[in-house]
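Note sheet for the following structure.
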Amino acid sequence: MESRHLFTFLVVVEVGSFTRAAQKLDYAQSSITAQIQALEAELGQPLFDRISKKITLTDAGRRLLPYAQEISKMHALAQDALRFDSELSGTLRIGAPESLAAFRLPGIIKEFRGRYPQVQIILKPGACWELTDFIRSGELDLVLLLQPETEYKDIHIETLIHEEMALVAPLLHPLHNLKQVEPHHLKGETILHTETGCSYRILFERYLNHHGVFPDPKLEFWSIEAIKQCVMAGLGISFLPLVTVRNELVEGKLVKLNWNDESQRVATQVAYHHKKWMSPALSEFLHTVQKHAAEWREEPTIC
């Protein structure tokens, strides 16, 4: 039983005429007649007595009427429940590598939660290759990635910003006096690395190796905050996204070496499965991400 046939039935009852029902619904009168006839055929009983130019409900029509009214009411309630409004609810499963989870996402989540407090956000950290697998499997709704600009056939991906990188050192480090730090200057330096598999670590090491530099010893950390603290303590130098060390550079806790990072830059990208249904909550979260990305692109660089 099609709901539109029931709605047409209710309008005919309300206005008392097939002609007036057609005018109200902006249908051809033949369409009204066809819908009522289809409903009558399905029920196996006539719903209207058609005497002269007047129509009246049959006994079957009178018995159907309260059910049609209840179905119409439930249809309206269902639409209201799913309507895009300020009362968005549900759960969003978001993924990001640690650097973006700590330094890009907080402002986004704060604004989104302020507008839509009924939406639960579950944040899952991970490496970029893991996050793209989670998108493909449906475990995550949307992810932020930090990697060389990449495209996928099965994932919708958008570049938000090309991230500037920074080779940072403790205060008074001798390399800070150089007008340009070259790969050979890093021979013998202790490099504090992010975890294996990190996109910008791979680019940095590949660049050094290409120039015949294989720094050793090196230390590996899972936490960018731990890396920064160790650099400030004089344990070595590190190659990190500028956004993760901006505050320490401004406050004079770290120094940025004169390093050419052009070949080692990565992009922050937002991604979701191309077959993913864009729910109102997900659509609004994506819009918030894009809004903040526009602000990121206006941030001044630090020399």
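By order of appearance in the structure tokens: chains A, B, ..., then residues from 1 within every chain, and ligands from 1 in the order shown.
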Any chance you could tabulate, as a tab-separated table, the residues of stretch 46-163 of chain A at most 10 Å from stretch 3-27 of chain A with each one's nearest atom pair and distance in Å to one decimal, using only C-alpha atoms, in chain and rising number order?
residue	atom	partner	partner_atom	distance
A:Leu47	CA	A:Phe9	CA	8.8
A:Phe48	CA	A:Val13	CA	9.2
A:Lys53	CA	A:Ser17	CA	8.6
A:Lys54	CA	A:Ser17	CA	7.4
A:Ile55	CA	A:Gly16	CA	6.7
A:Thr56	CA	A:Gly16	CA	7.8
A:Leu57	CA	A:Val13	CA	7.8
A:Gly61	CA	A:Phe9	CA	9.1
A:Arg62	CA	A:Val13	CA	9.9
A:Leu64	CA	A:Leu6	CA	9.3
A:Leu65	CA	A:Leu10	CA	7.4
A:Pro66	CA	A:Leu10	CA	9.8
A:Tyr67	CA	A:Leu6	CA	9.3
A:Ala68	CA	A:Leu6	CA	5.9
A:Gln69	CA	A:Leu10	CA	7.3
A:Ile71	CA	A:Ser3	CA	7.8
A:Ser72	CA	A:Phe7	CA	6.9
A:His75	CA	A:Ser3	CA	8.7
Selection from above, N, CA and C atoms, as a PDB file, in the first residue's frame, can you write it?
ATOM      1  N   LEU A  47     -14.016   2.754  -2.065  1.00  0.00           N
ATOM      2  CA  LEU A  47     -13.860   3.686  -0.937  1.00  0.00           C
ATOM      3  C   LEU A  47     -14.836   4.851  -1.016  1.00  0.00           C
ATOM      4  N   PHE A  48     -15.319   5.129  -2.208  1.00  0.00           N
ATOM      5  CA  PHE A  48     -16.263   6.245  -2.397  1.00  0.00           C
ATOM      6  C   PHE A  48     -17.473   5.765  -3.202  1.00  0.00           C
ATOM      7  N   LYS A  53     -22.612  14.080  -9.205  1.00  0.00           N
ATOM      8  CA  LYS A  53     -21.320  14.766  -9.127  1.00  0.00           C
ATOM      9  C   LYS A  53     -20.786  14.784  -7.700  1.00  0.00           C
ATOM     10  N   LYS A  54     -21.470  14.068  -6.800  1.00  0.00           N
ATOM     11  CA  LYS A  54     -21.048  14.053  -5.408  1.00  0.00           C
ATOM     12  C   LYS A  54     -20.372  12.729  -5.076  1.00  0.00           C
ATOM     13  N   ILE A  55     -19.419  12.796  -4.124  1.00  0.00           N
ATOM     14  CA  ILE A  55     -18.789  11.566  -3.647  1.00  0.00           C
ATOM     15  C   ILE A  55     -18.969  11.492  -2.137  1.00  0.00           C
ATOM     16  N   THR A  56     -19.213  10.308  -1.664  1.00  0.00           N
ATOM     17  CA  THR A  56     -19.327  10.071  -0.220  1.00  0.00           C
ATOM     18  C   THR A  56     -18.561   8.805   0.109  1.00  0.00           C
ATOM     19  N   LEU A  57     -18.087   8.727   1.340  1.00  0.00           N
ATOM     20  CA  LEU A  57     -17.333   7.553   1.773  1.00  0.00           C
ATOM     21  C   LEU A  57     -18.241   6.338   1.895  1.00  0.00           C
ATOM     22  N   GLY A  61     -14.470   2.945   3.206  1.00  0.00           N
ATOM     23  CA  GLY A  61     -13.751   4.211   3.261  1.00  0.00           C
ATOM     24  C   GLY A  61     -13.727   4.792   4.657  1.00  0.00           C
ATOM     25  N   ARG A  62     -14.904   4.693   5.359  1.00  0.00           N
ATOM     26  CA  ARG A  62     -14.965   5.226   6.718  1.00  0.00           C
ATOM     27  C   ARG A  62     -14.065   4.437   7.668  1.00  0.00           C
ATOM     28  N   LEU A  64     -11.292   2.863   6.752  1.00  0.00           N
ATOM     29  CA  LEU A  64      -9.901   3.140   6.385  1.00  0.00           C
ATOM     30  C   LEU A  64      -9.433   4.492   6.902  1.00  0.00           C
ATOM     31  N   LEU A  65     -10.345   5.440   6.999  1.00  0.00           N
ATOM     32  CA  LEU A  65      -9.981   6.838   7.295  1.00  0.00           C
ATOM     33  C   LEU A  65      -9.092   7.003   8.530  1.00  0.00           C
ATOM     34  N   PRO A  66      -9.424   6.456   9.710  1.00  0.00           N
ATOM     35  CA  PRO A  66      -8.550   6.691  10.880  1.00  0.00           C
ATOM     36  C   PRO A  66      -7.157   6.092  10.714  1.00  0.00           C
ATOM     37  N   TYR A  67      -7.069   4.976   9.989  1.00  0.00           N
ATOM     38  CA  TYR A  67      -5.755   4.371   9.765  1.00  0.00           C
ATOM     39  C   TYR A  67      -4.906   5.236   8.817  1.00  0.00           C
ATOM     40  N   ALA A  68      -5.540   5.772   7.798  1.00  0.00           N
ATOM     41  CA  ALA A  68      -4.835   6.658   6.875  1.00  0.00           C
ATOM     42  C   ALA A  68      -4.348   7.912   7.592  1.00  0.00           C
ATOM     43  N   GLN A  69      -5.181   8.430   8.497  1.00  0.00           N
ATOM     44  CA  GLN A  69      -4.789   9.619   9.267  1.00  0.00           C
ATOM     45  C   GLN A  69      -3.613   9.311  10.186  1.00  0.00           C
ATOM     46  N   ILE A  71      -1.317   6.922   9.733  1.00  0.00           N
ATOM     47  CA  ILE A  71      -0.137   6.741   8.890  1.00  0.00           C
ATOM     48  C   ILE A  71       0.431   8.088   8.460  1.00  0.00           C
ATOM     49  N   SER A  72      -0.442   9.021   8.108  1.00  0.00           N
ATOM     50  CA  SER A  72      -0.007  10.366   7.720  1.00  0.00           C
ATOM     51  C   SER A  72       0.711  11.058   8.876  1.00  0.00           C
ATOM     52  N   HIS A  75       4.135   9.478   9.372  1.00  0.00           N
ATOM     53  CA  HIS A  75       5.023   9.912   8.295  1.00  0.00           C
ATOM     54  C   HIS A  75       5.613  11.283   8.605  1.00  0.00           C
TER      55      HIS A  75
END
Give me the residues within 10 Å of A:Lys153 as a PDB file with C-alpha atoms, in the first residue's frame, counting only C-alpha atoms and dropping any in the same chain fewer than 4 places off.
ATOM      1  CA  ILE A 157      39.876  13.026  -0.603  1.00  0.00           C
ATOM      2  CA  HIS A 273      34.537   6.662   1.432  1.00  0.00           C
ATOM      3  CA  HIS A 274      33.033   7.767  -1.861  1.00  0.00           C
TER       4      HIS A 274
END
Spatial neighbours of stretch 188-204 of chain A, max dist 6 Å, only C-alpha atoms, sep filter under 5 positions, as a PyMOL selection string: chain A and resi 147+217-222+236-238+264
Would you list, as a list in words, the residues of stretch 7-96 of chain A that end up in strand (DSSP E) under DSSP run on this structure's backbone?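 Listing strand (DSSP E) positions across stretch 7-96 of chain A yields Phe48, Asp49, Arg50, Ile51, Lys54, Ile55, Thr56, Leu57, Gly90, Thr91, Leu92, Arg93, Ile94, Gly95 and Ala96 of chain A.
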Could you please take those selected residues and save N, CA and C atoms as a PDB file, in the first residue's frame?
ATOM      1  N   PHE A  48     -15.319   5.129  -2.208  1.00  0.00           N
ATOM      2  CA  PHE A  48     -16.263   6.245  -2.397  1.00  0.00           C
ATOM      3  C   PHE A  48     -17.473   5.765  -3.202  1.00  0.00           C
ATOM      4  N   ASP A  49     -18.627   6.292  -2.817  1.00  0.00           N
ATOM      5  CA  ASP A  49     -19.809   6.182  -3.670  1.00  0.00           C
ATOM      6  C   ASP A  49     -19.816   7.402  -4.565  1.00  0.00           C
ATOM      7  N   ARG A  50     -19.934   7.179  -5.859  1.00  0.00           N
ATOM      8  CA  ARG A  50     -19.937   8.275  -6.814  1.00  0.00           C
ATOM      9  C   ARG A  50     -21.352   8.400  -7.377  1.00  0.00           C
ATOM     10  N   ILE A  51     -22.112   9.255  -6.772  1.00  0.00           N
ATOM     11  CA  ILE A  51     -23.498   9.457  -7.184  1.00  0.00           C
ATOM     12  C   ILE A  51     -23.628  10.861  -7.752  1.00  0.00           C
ATOM     13  N   LYS A  54     -21.470  14.068  -6.800  1.00  0.00           N
ATOM     14  CA  LYS A  54     -21.048  14.053  -5.408  1.00  0.00           C
ATOM     15  C   LYS A  54     -20.372  12.729  -5.076  1.00  0.00           C
ATOM     16  N   ILE A  55     -19.419  12.796  -4.124  1.00  0.00           N
ATOM     17  CA  ILE A  55     -18.789  11.566  -3.647  1.00  0.00           C
ATOM     18  C   ILE A  55     -18.969  11.492  -2.137  1.00  0.00           C
ATOM     19  N   THR A  56     -19.213  10.308  -1.664  1.00  0.00           N
ATOM     20  CA  THR A  56     -19.327  10.071  -0.220  1.00  0.00           C
ATOM     21  C   THR A  56     -18.561   8.805   0.109  1.00  0.00           C
ATOM     22  N   LEU A  57     -18.087   8.727   1.340  1.00  0.00           N
ATOM     23  CA  LEU A  57     -17.333   7.553   1.773  1.00  0.00           C
ATOM     24  C   LEU A  57     -18.241   6.338   1.895  1.00  0.00           C
ATOM     25  N   GLY A  90      23.422  11.564  17.062  1.00  0.00           N
ATOM     26  CA  GLY A  90      24.097  10.426  16.455  1.00  0.00           C
ATOM     27  C   GLY A  90      25.553  10.349  16.877  1.00  0.00           C
ATOM     28  N   THR A  91      26.313   9.547  16.174  1.00  0.00           N
ATOM     29  CA  THR A  91      27.725   9.321  16.498  1.00  0.00           C
ATOM     30  C   THR A  91      28.580   9.493  15.251  1.00  0.00           C
ATOM     31  N   LEU A  92      29.681  10.210  15.396  1.00  0.00           N
ATOM     32  CA  LEU A  92      30.662  10.357  14.325  1.00  0.00           C
ATOM     33  C   LEU A  92      31.955   9.693  14.766  1.00  0.00           C
ATOM     34  N   ARG A  93      32.514   8.868  13.907  1.00  0.00           N
ATOM     35  CA  ARG A  93      33.770   8.181  14.194  1.00  0.00           C
ATOM     36  C   ARG A  93      34.855   8.806  13.316  1.00  0.00           C
ATOM     37  N   ILE A  94      35.731   9.541  13.960  1.00  0.00           N
ATOM     38  CA  ILE A  94      36.737  10.342  13.267  1.00  0.00           C
ATOM     39  C   ILE A  94      38.123   9.776  13.549  1.00  0.00           C
ATOM     40  N   GLY A  95      38.988   9.776  12.535  1.00  0.00           N
ATOM     41  CA  GLY A  95      40.352   9.307  12.722  1.00  0.00           C
ATOM     42  C   GLY A  95      41.364  10.365  12.306  1.00  0.00           C
ATOM     43  N   ALA A  96      42.555  10.322  12.915  1.00  0.00           N
ATOM     44  CA  ALA A  96      43.620  11.269  12.573  1.00  0.00           C
ATOM     45  C   ALA A  96      44.932  10.784  13.159  1.00  0.00           C
TER      46      ALA A  96
END
Which residue of A:Glu40, A:Ile302, A:Glu149, A:Gly212 approaches A:Val250 most closely, using only C-alpha atoms: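 Among the listed residues, A:Ile302 lies closest to A:Val250.
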Of A:Tyr152, A:Phe103, A:Tyr116, A:Phe285, the one nearest to A:Ile135 when counting only C-alpha atoms is A:Tyr152
Could you tell me how far atom CA of A:Ile109 sits from atom CA of A:Asp154, in Å to one decimal place?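 The value is 26.3 Å.
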